[in-house]
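Student: Sending over target-v5.cif (mmCIF, C-alpha atoms).
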data_model
#
loop_
_atom_site.label_atom_id
_atom_site.label_comp_id
_atom_site.auth_asym_id
_atom_site.auth_seq_id
_atom_site.Cartn_x
_atom_site.Cartn_y
_atom_site.Cartn_z
CA ALA A 1 97.66 142.73 125.93
CA GLN A 2 98.05 146.20 127.36
CA SER A 3 96.03 148.82 125.54
CA VAL A 4 94.53 152.27 125.74
CA THR A 5 91.08 152.94 124.35
CA GLN A 6 89.55 156.26 123.46
CA PRO A 7 86.11 155.24 122.29
CA ASP A 8 85.16 158.56 120.71
CA ILE A 9 86.91 159.34 117.43
CA HIS A 10 85.50 162.85 117.42
CA ILE A 11 83.27 164.97 119.62
CA THR A 12 81.53 168.27 118.91
CA VAL A 13 80.55 170.59 121.73
CA SER A 14 79.24 174.12 121.83
CA GLU A 15 81.46 176.85 123.15
CA GLY A 16 80.79 177.28 126.84
CA ALA A 17 79.45 173.75 127.26
CA SER A 18 81.11 171.14 129.41
CA LEU A 19 83.35 168.44 127.97
CA GLU A 20 84.27 164.91 128.91
CA LEU A 21 86.67 162.79 126.87
CA ARG A 22 86.81 159.13 127.73
CA CYS A 23 89.85 156.95 128.20
CA ASN A 24 90.07 153.35 129.34
CA TYR A 25 93.14 151.22 129.75
CA SER A 26 93.81 147.53 130.00
CA TYR A 27 96.58 146.63 132.41
CA GLY A 28 96.98 144.45 135.46
CA ALA A 29 98.31 147.19 137.70
CA THR A 30 97.88 150.92 137.95
CA PRO A 31 99.68 152.60 135.09
CA TYR A 32 100.97 156.10 134.95
CA LEU A 33 98.39 158.17 133.09
CA PHE A 34 98.64 161.23 130.89
CA TRP A 35 96.52 163.45 128.69
CA TYR A 36 98.12 165.35 125.80
CA VAL A 37 96.72 167.85 123.34
CA GLN A 38 97.92 168.29 119.78
CA SER A 39 97.04 171.15 117.46
CA PRO A 40 97.29 170.47 113.70
CA GLY A 41 100.87 170.06 112.55
CA GLN A 42 102.21 170.56 116.04
CA GLY A 43 103.82 168.43 118.70
CA LEU A 44 102.17 167.24 121.87
CA GLN A 45 101.52 169.36 124.91
CA LEU A 46 101.03 167.73 128.29
CA LEU A 47 97.71 168.69 129.89
CA LEU A 48 97.97 166.67 133.08
CA LYS A 49 99.29 163.45 134.56
CA TYR A 50 98.51 160.97 137.32
CA PHE A 51 101.07 158.87 139.10
CA SER A 52 99.53 158.30 142.53
CA GLY A 53 97.66 160.04 145.32
CA ASP A 54 94.56 162.15 144.79
CA THR A 55 92.61 160.60 141.97
CA LEU A 56 91.33 163.95 140.72
CA VAL A 57 94.14 165.83 139.04
CA GLN A 58 94.18 169.37 137.79
CA GLY A 59 95.97 170.37 134.65
CA ILE A 60 96.61 173.35 132.48
CA LYS A 61 94.02 175.33 130.55
CA GLY A 62 91.28 174.47 133.04
CA PHE A 63 91.32 170.73 132.38
CA GLU A 64 91.00 168.04 135.01
CA ALA A 65 90.92 164.26 134.95
CA GLU A 66 89.75 161.61 137.36
CA PHE A 67 91.35 158.22 137.78
CA LYS A 68 88.84 155.48 138.58
CA ARG A 69 90.55 152.22 139.34
CA SER A 70 87.33 150.20 139.38
CA GLN A 71 86.53 151.31 135.85
CA SER A 72 90.12 151.41 134.55
CA SER A 73 89.34 154.88 133.34
CA PHE A 74 91.00 158.28 133.25
CA ASN A 75 88.47 160.65 131.73
CA LEU A 76 89.34 164.24 130.87
CA ARG A 77 86.92 167.01 131.73
CA LYS A 78 86.52 170.73 131.32
CA PRO A 79 83.55 172.66 132.68
CA SER A 80 83.41 175.27 129.93
CA VAL A 81 85.00 174.76 126.53
CA HIS A 82 86.59 177.59 124.57
CA TRP A 83 86.91 177.72 120.80
CA SER A 84 90.69 177.47 121.21
CA ASP A 85 90.29 174.02 122.75
CA ALA A 86 89.54 172.53 119.35
CA ALA A 87 92.35 170.03 118.80
CA GLU A 88 93.25 166.36 119.00
CA TYR A 89 93.44 164.86 122.49
CA PHE A 90 95.45 161.78 123.32
CA CYS A 91 95.26 159.67 126.42
CA ALA A 92 98.50 157.85 127.17
CA VAL A 93 99.77 155.39 129.71
CA VAL A 94 103.19 154.32 130.83
CA MET A 95 103.34 150.76 132.07
CA ASP A 96 106.27 149.44 134.03
CA THR A 97 106.93 146.66 131.58
CA GLY A 98 109.13 146.76 128.51
CA GLY A 99 111.10 149.81 129.46
CA PHE A 100 108.33 152.12 130.61
CA LYS A 101 107.16 152.93 127.11
CA THR A 102 104.31 155.34 126.55
CA ILE A 103 101.32 153.82 124.81
CA PHE A 104 98.89 156.21 123.16
CA GLY A 105 95.20 155.92 122.57
CA ALA A 106 93.84 156.54 119.09
CA GLY A 107 92.94 160.12 119.95
CA THR A 108 89.73 162.11 120.06
CA ARG A 109 89.25 165.09 117.79
CA LEU A 110 87.37 167.89 119.52
CA PHE A 111 85.33 170.30 117.45
CA VAL A 112 83.92 173.42 119.08
CA LYS A 113 80.96 175.16 117.56
CA ALA A 114 79.98 178.74 118.20
CA GLY B 1 109.89 172.96 131.98
CA ALA B 2 111.90 170.48 129.97
CA VAL B 3 112.28 171.39 126.32
CA VAL B 4 112.91 169.09 123.39
CA SER B 5 113.73 170.43 119.95
CA GLN B 6 113.66 168.77 116.57
CA HIS B 7 115.42 169.79 113.41
CA PRO B 8 114.35 170.25 110.72
CA SER B 9 110.67 171.00 111.25
CA ARG B 10 109.94 170.23 107.62
CA VAL B 11 111.95 168.43 104.97
CA ILE B 12 111.27 167.45 101.40
CA CYS B 13 113.55 164.92 99.79
CA LYS B 14 113.67 162.94 96.59
CA SER B 15 112.92 159.25 96.52
CA GLY B 16 116.05 157.19 97.12
CA THR B 17 117.88 159.77 99.19
CA SER B 18 118.45 159.70 102.94
CA VAL B 19 117.38 162.28 105.45
CA LYS B 20 118.47 162.84 109.03
CA ILE B 21 116.28 164.24 111.78
CA GLU B 22 117.80 165.52 115.01
CA CYS B 23 116.20 165.47 118.43
CA ARG B 24 117.76 167.42 121.28
CA SER B 25 116.93 167.81 124.93
CA LEU B 26 117.80 171.42 125.62
CA ASP B 27 117.79 171.70 129.38
CA PHE B 28 118.07 168.18 130.72
CA GLN B 29 119.93 164.97 130.11
CA ALA B 30 117.85 162.34 128.37
CA THR B 31 118.80 158.81 129.29
CA THR B 32 116.10 157.53 126.98
CA MET B 33 114.70 158.90 123.76
CA PHE B 34 111.77 157.64 121.77
CA TRP B 35 110.86 158.01 118.12
CA TYR B 36 107.25 158.02 116.97
CA ARG B 37 105.59 158.16 113.61
CA GLN B 38 102.20 159.70 113.10
CA PHE B 39 100.08 159.25 110.01
CA PRO B 40 97.44 161.87 109.15
CA LYS B 41 94.59 161.85 111.62
CA LYS B 42 96.10 158.89 113.42
CA SER B 43 97.71 158.27 116.75
CA LEU B 44 101.42 158.09 117.47
CA MET B 45 103.09 154.79 116.71
CA LEU B 46 106.24 154.04 118.67
CA MET B 47 109.04 153.14 116.29
CA ALA B 48 111.97 152.66 118.63
CA THR B 49 113.44 153.34 122.01
CA SER B 50 117.04 154.37 122.41
CA ASN B 51 119.22 154.63 125.47
CA GLU B 52 122.35 156.73 125.39
CA GLY B 53 125.32 154.68 124.23
CA SER B 54 123.25 151.61 123.38
CA LYS B 55 121.65 150.21 120.29
CA ALA B 56 118.06 151.21 119.77
CA THR B 57 115.25 148.77 120.45
CA TYR B 58 112.84 148.71 117.55
CA GLU B 59 109.16 147.89 117.72
CA GLN B 60 107.81 144.98 115.79
CA GLY B 61 107.42 145.76 112.11
CA VAL B 62 109.86 148.68 112.06
CA GLU B 63 112.78 148.14 109.70
CA LYS B 64 115.94 148.87 111.66
CA ASP B 65 118.04 149.10 108.50
CA LYS B 66 115.74 151.70 107.06
CA PHE B 67 115.27 153.81 110.17
CA LEU B 68 118.70 154.24 111.69
CA ILE B 69 118.71 155.63 115.21
CA ASN B 70 121.74 156.96 117.00
CA HIS B 71 121.76 158.20 120.59
CA ALA B 72 125.35 159.31 120.90
CA SER B 73 124.98 161.68 123.82
CA LEU B 74 122.60 162.44 126.66
CA THR B 75 121.15 165.37 124.74
CA LEU B 76 121.05 164.20 121.14
CA SER B 77 119.39 161.42 119.20
CA THR B 78 119.13 161.20 115.43
CA LEU B 79 116.79 159.32 113.14
CA THR B 80 118.02 158.69 109.61
CA VAL B 81 115.52 157.54 107.04
CA THR B 82 117.61 155.72 104.47
CA SER B 83 116.65 155.36 100.83
CA ALA B 84 113.42 157.18 101.49
CA HIS B 85 110.30 156.40 99.48
CA PRO B 86 106.97 158.22 99.26
CA GLU B 87 105.41 155.80 101.74
CA ASP B 88 107.90 157.06 104.33
CA SER B 89 106.28 160.47 104.18
CA SER B 90 104.92 161.14 107.62
CA PHE B 91 105.14 163.24 110.76
CA TYR B 92 107.97 162.06 112.97
CA ILE B 93 107.99 163.01 116.64
CA CYS B 94 110.70 162.38 119.17
CA SER B 95 110.45 162.43 122.92
CA ALA B 96 112.97 162.35 125.71
CA ARG B 97 112.90 161.11 129.27
CA ALA B 98 115.36 161.93 132.00
CA GLY B 99 114.95 158.63 133.75
CA THR B 100 112.59 156.49 135.80
CA SER B 101 114.34 156.72 139.13
CA GLY B 102 112.27 158.56 141.67
CA GLY B 103 109.11 157.61 139.85
CA SER B 104 109.41 160.03 136.95
CA TYR B 105 107.98 158.47 133.83
CA GLU B 106 107.14 161.60 131.96
CA GLN B 107 108.32 162.04 128.42
CA TYR B 108 108.86 165.44 126.87
CA PHE B 109 107.93 165.71 123.23
CA GLY B 110 109.55 167.56 120.40
CA PRO B 111 107.49 169.64 117.96
CA GLY B 112 107.74 167.05 115.20
CA THR B 113 109.27 166.87 111.74
CA ARG B 114 107.14 166.69 108.62
CA LEU B 115 108.88 164.51 106.03
CA THR B 116 107.68 164.53 102.44
CA VAL B 117 109.32 162.20 99.96
CA THR B 118 108.70 163.06 96.31
#
Can you turn what I pasted into structure tokens?
Tutor:
Amino acid sequence: AQSVTQPDIHITVSEGASLELRCNYSYGATPYLFWYVQSPGQGLQLLLKYFSGDTLVQGIKGFEAEFKRSQSSFNLRKPSVHWSDAAEYFCAVVMDTGGFKTIFGAGTRLFVKA
Amino acid sequence: GAVVSQHPSRVICKSGTSVKIECRSLDFQATTMFWYRQFPKKSLMLMATSNEGSKATYEQGVEKDKFLINHASLTLSTLTVTSAHPEDSSFYICSARAGTSGGSYEQYFGPGTRLTVT
């Protein structure tokens, strides 16, 4: 079955440190890949997306993600985390089966310590 | 960018009553809208997919008679929680997509509606 896995439920990093959030998917073809951020009680904000082409994509707020087909991964990175980055991060995929529905990972809660 | 609004942002209702949540695409026509439910500290669970002018397609385990979805126009979808009970309390999020032609699969999300059933 198609699925999206975010293996880390929560991560704590120091402000100014680098960040990598992991995302793996299970699908027979290349899906369309997204990262969203959600602050408490708020909706989702799109950070970046990958459809095709360059496998390293740049997003907003200094985030980037790299698609690795061989590893079925789409990890999110940021070189220097700010306290305002503390939030919930969701990896999502759209698969061209069943009406192009978006399937979300379980999310990773990011805590930033001073 | 594309904007999706939801109304109300918060609603408190008594057990047994019904509540309607609106989802609007403000600056684009949404051929497809999606409704999600999010429990505290959990991911988004897709409840149903609706195409304008068609009946909604519900995910397995979602009661279609309890969660009525109407997508009457290309800019408006509504979710009505009928005979609400405390276990229906949740954060409901809608999203809208213009279409998949041209390879656009991006959904635009509303800010969510917090429903509390007392």
Student: Write out as a PyMOL selection string each polymer residue whose atoms come within 9 Å of Pro8 in chain B, counting only C-alpha atoms; drop sequence neighbours fewer than 3 positions from it.
Tutor: chain B and resi 11+20-22+112-114
Student: Compute the set of chain A residues within 12 Å of chain B, using all atoms listed in the file, and express it as a PyMOL selection string.
Tutor: chain A and resi 4-6+9-10+31-52+87-96+98-109
Student: When you look at Phe67 in chain A with a cut-off of 8 Å (counting only C-alpha atoms), what residues show up, excluding the ones that are within fewer than 6 positions of it in the same chain? I need them as a VMD selection string.
Tutor: chain A and resid 50 55 to 56 73 to 75
Student: Keeping C-alpha atoms, export the residues of the selection given above as a tab-separated table (two decimals), in the frame of the given file.
Tutor:
chain	number	residue	atom	x	y	z
A	50	TYR	CA	98.51	160.97	137.32
A	55	THR	CA	92.61	160.60	141.97
A	56	LEU	CA	91.33	163.95	140.72
A	73	SER	CA	89.34	154.88	133.34
A	74	PHE	CA	91.00	158.28	133.25
A	75	ASN	CA	88.47	160.65	131.73
Student: Might you spell out which residues the PyMOL selection byres ((chain A and resi 79) around 6) would select in the displayed file, as a tab-separated table (two decimals) with C-alpha atoms, keeping the file's coordinate frame?
Tutor:
chain	number	residue	atom	x	y	z
A	18	SER	CA	81.11	171.14	129.41
A	78	LYS	CA	86.52	170.73	131.32
A	80	SER	CA	83.41	175.27	129.93
Student: Applied to this file, what does the PyMOL selection byres ((chain B and resi 77) around 9) return in terms of residues, put as a PDB file with C-alpha atoms, keeping the file's coordinate frame?
Tutor:
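Generated file (expr32.pdb):
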ATOM      1  CA  ILE B  21     116.280 164.240 111.780  1.00  0.00           C
ATOM      2  CA  GLU B  22     117.800 165.520 115.010  1.00  0.00           C
ATOM      3  CA  CYS B  23     116.200 165.470 118.430  1.00  0.00           C
ATOM      4  CA  ARG B  24     117.760 167.420 121.280  1.00  0.00           C
ATOM      5  CA  SER B  25     116.930 167.810 124.930  1.00  0.00           C
ATOM      6  CA  MET B  33     114.700 158.900 123.760  1.00  0.00           C
ATOM      7  CA  PHE B  34     111.770 157.640 121.770  1.00  0.00           C
ATOM      8  CA  SER B  50     117.040 154.370 122.410  1.00  0.00           C
ATOM      9  CA  GLU B  52     122.350 156.730 125.390  1.00  0.00           C
ATOM     10  CA  ILE B  69     118.710 155.630 115.210  1.00  0.00           C
ATOM     11  CA  ASN B  70     121.740 156.960 117.000  1.00  0.00           C
ATOM     12  CA  HIS B  71     121.760 158.200 120.590  1.00  0.00           C
ATOM     13  CA  ALA B  72     125.350 159.310 120.900  1.00  0.00           C
ATOM     14  CA  SER B  73     124.980 161.680 123.820  1.00  0.00           C
ATOM     15  CA  LEU B  74     122.600 162.440 126.660  1.00  0.00           C
ATOM     16  CA  THR B  75     121.150 165.370 124.740  1.00  0.00           C
ATOM     17  CA  LEU B  76     121.050 164.200 121.140  1.00  0.00           C
ATOM     18  CA  THR B  78     119.130 161.200 115.430  1.00  0.00           C
ATOM     19  CA  LEU B  79     116.790 159.320 113.140  1.00  0.00           C
ATOM     20  CA  CYS B  94     110.700 162.380 119.170  1.00  0.00           C
TER      21      CYS B  94
END
Student: Any chance you could work out the axis-aligned box around range 42-50 of chain B, listed atoms only, 3 Å on each side, giving centre and edge lengths in Å to one decimal, as AutoDock Vina command-line options?
Tutor:
--center_x 106.6 --center_y 155.8 --center_z 117.9 --size_x 26.9 --size_y 12.2 --size_z 15.0
Student: In Å, rounded to a single decimal, give me how far CA of Leu19 in chain A is from CA of Ser70 in chain A.
Tutor: 21.9 Å
Student: Give me, please, the distance in Å between CA of Glu20 in chain A and CA of Gln38 in chain B, quoted to one decimal.
Tutor: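 Computing the Euclidean distance for CA of Glu20 in chain A and CA of Gln38 in chain B yields 24.5 Å.
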Student: Which neighbours of Ser26 in chain A fall inside 8 Å, counting only C-alpha atoms, when residues of the same chain fewer than 6 positions from it are skipped, and could you give them as an NGL selection string?
Tutor: :A and (1-4 or 72)
Student: Could you please determine the separation between CA of Thr116 in chain B and CA of Ala56 in chain B in Å, to one decimal place?
Tutor: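 Interatomic distance, CA of Thr116 in chain B to CA of Ala56 in chain B: 24.2 Å.
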Student: List as a list in words the protein and nucleic acid residues near Thr80 in chain B, meaning an atom at most 6 Å away when all atoms listed in the file are counted, but skip any in the same chain fewer than 4 places from it.
Tutor: Val19, Lys20, Phe67 and Leu68 of chain B
Student: Could you list, as a short mmCIF file (atom, residue, chain, number, x, y, z; two decimals) with C-alpha atoms, in the frame of the given file, every residue within 12 Å of Val81 in chain A, counting only C-alpha atoms and ignoring same-chain residues fewer than 2 positions away?
Tutor:
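Result written to around11.cif:
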data_model
loop_
_atom_site.label_atom_id
_atom_site.label_comp_id
_atom_site.auth_asym_id
_atom_site.auth_seq_id
_atom_site.Cartn_x
_atom_site.Cartn_y
_atom_site.Cartn_z
CA THR A 12 81.53 168.27 118.91
CA VAL A 13 80.55 170.59 121.73
CA SER A 14 79.24 174.12 121.83
CA GLU A 15 81.46 176.85 123.15
CA GLY A 16 80.79 177.28 126.84
CA ALA A 17 79.45 173.75 127.26
CA SER A 18 81.11 171.14 129.41
CA LEU A 19 83.35 168.44 127.97
CA GLU A 20 84.27 164.91 128.91
CA LYS A 61 94.02 175.33 130.55
CA GLY A 62 91.28 174.47 133.04
CA PHE A 63 91.32 170.73 132.38
CA ARG A 77 86.92 167.01 131.73
CA LYS A 78 86.52 170.73 131.32
CA PRO A 79 83.55 172.66 132.68
CA TRP A 83 86.91 177.72 120.80
CA SER A 84 90.69 177.47 121.21
CA ASP A 85 90.29 174.02 122.75
CA ALA A 86 89.54 172.53 119.35
CA ALA A 87 92.35 170.03 118.80
CA LEU A 110 87.37 167.89 119.52
CA PHE A 111 85.33 170.30 117.45
CA VAL A 112 83.92 173.42 119.08
CA LYS A 113 80.96 175.16 117.56
CA ALA A 114 79.98 178.74 118.20
#
Student: Calculated over all atoms listed in the file, which of the candidates A:Asp8, A:Ala29, A:Asn24, A:His82 has the smallest distance to Lys68 in chain A?
Tutor: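 Between A:Asp8, A:Ala29, A:Asn24, A:His82, the residue approaching Lys68 in chain A most closely is A:Asn24.
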